[in-house]
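What follows is a short report on a single structure.
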Amino acid sequence: MGMVQRIVNSDNLHLSEESIARLNALDNRPIDYSDIPAQTIEEMREGHRKAVEMRRKQMFSLRLSVATITWWKSMGDGYTTIMARLLDEARKHPEWIKMCL
């Protein structure tokens, strides 16, 4: 079994003494891997390949109205990620696209 090592910088956290004691009790506690299925090296490589493939992105330009851009930007940091997720979801629902034609 593997071991867990915990590093907590309590200077930035507002932890009670009880919480700190509970965290300290977890030090060097063994990890139970019994419910995790074993994987071959090939399965791990395949999972890594798929993860890398999913992260690939391509730049794309789009002309939008000022009002639409303002609305998206009002969502704060990560608005382009939200936009990308919405577009990915729209691919799964062609009826959404038909409504806009």
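Residue numbering restarts at 1 in every chain; chains get A, B, ... in the order shown in the structure tokens, and ligands count up from 1 in that same order.
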
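Summary of the local environment: counting only C-alpha atoms, residues at most 12 Å from region 54-69 of chain A, other than itself and those fewer than 5 positions away along its chain, are Gly47, His48, Arg49, Ser74, Met75, Gly76, Tyr79, Thr80, Thr81, Met83, Ala84 and Asp88 of chain A.
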
Taking the DSSP secondary structure from the backbone, can you list the residues of chain A that are helix (DSSP H, G or I), as a ChimeraX atom specification?
/A:17-26,41-55,66-73,79-91,94-100
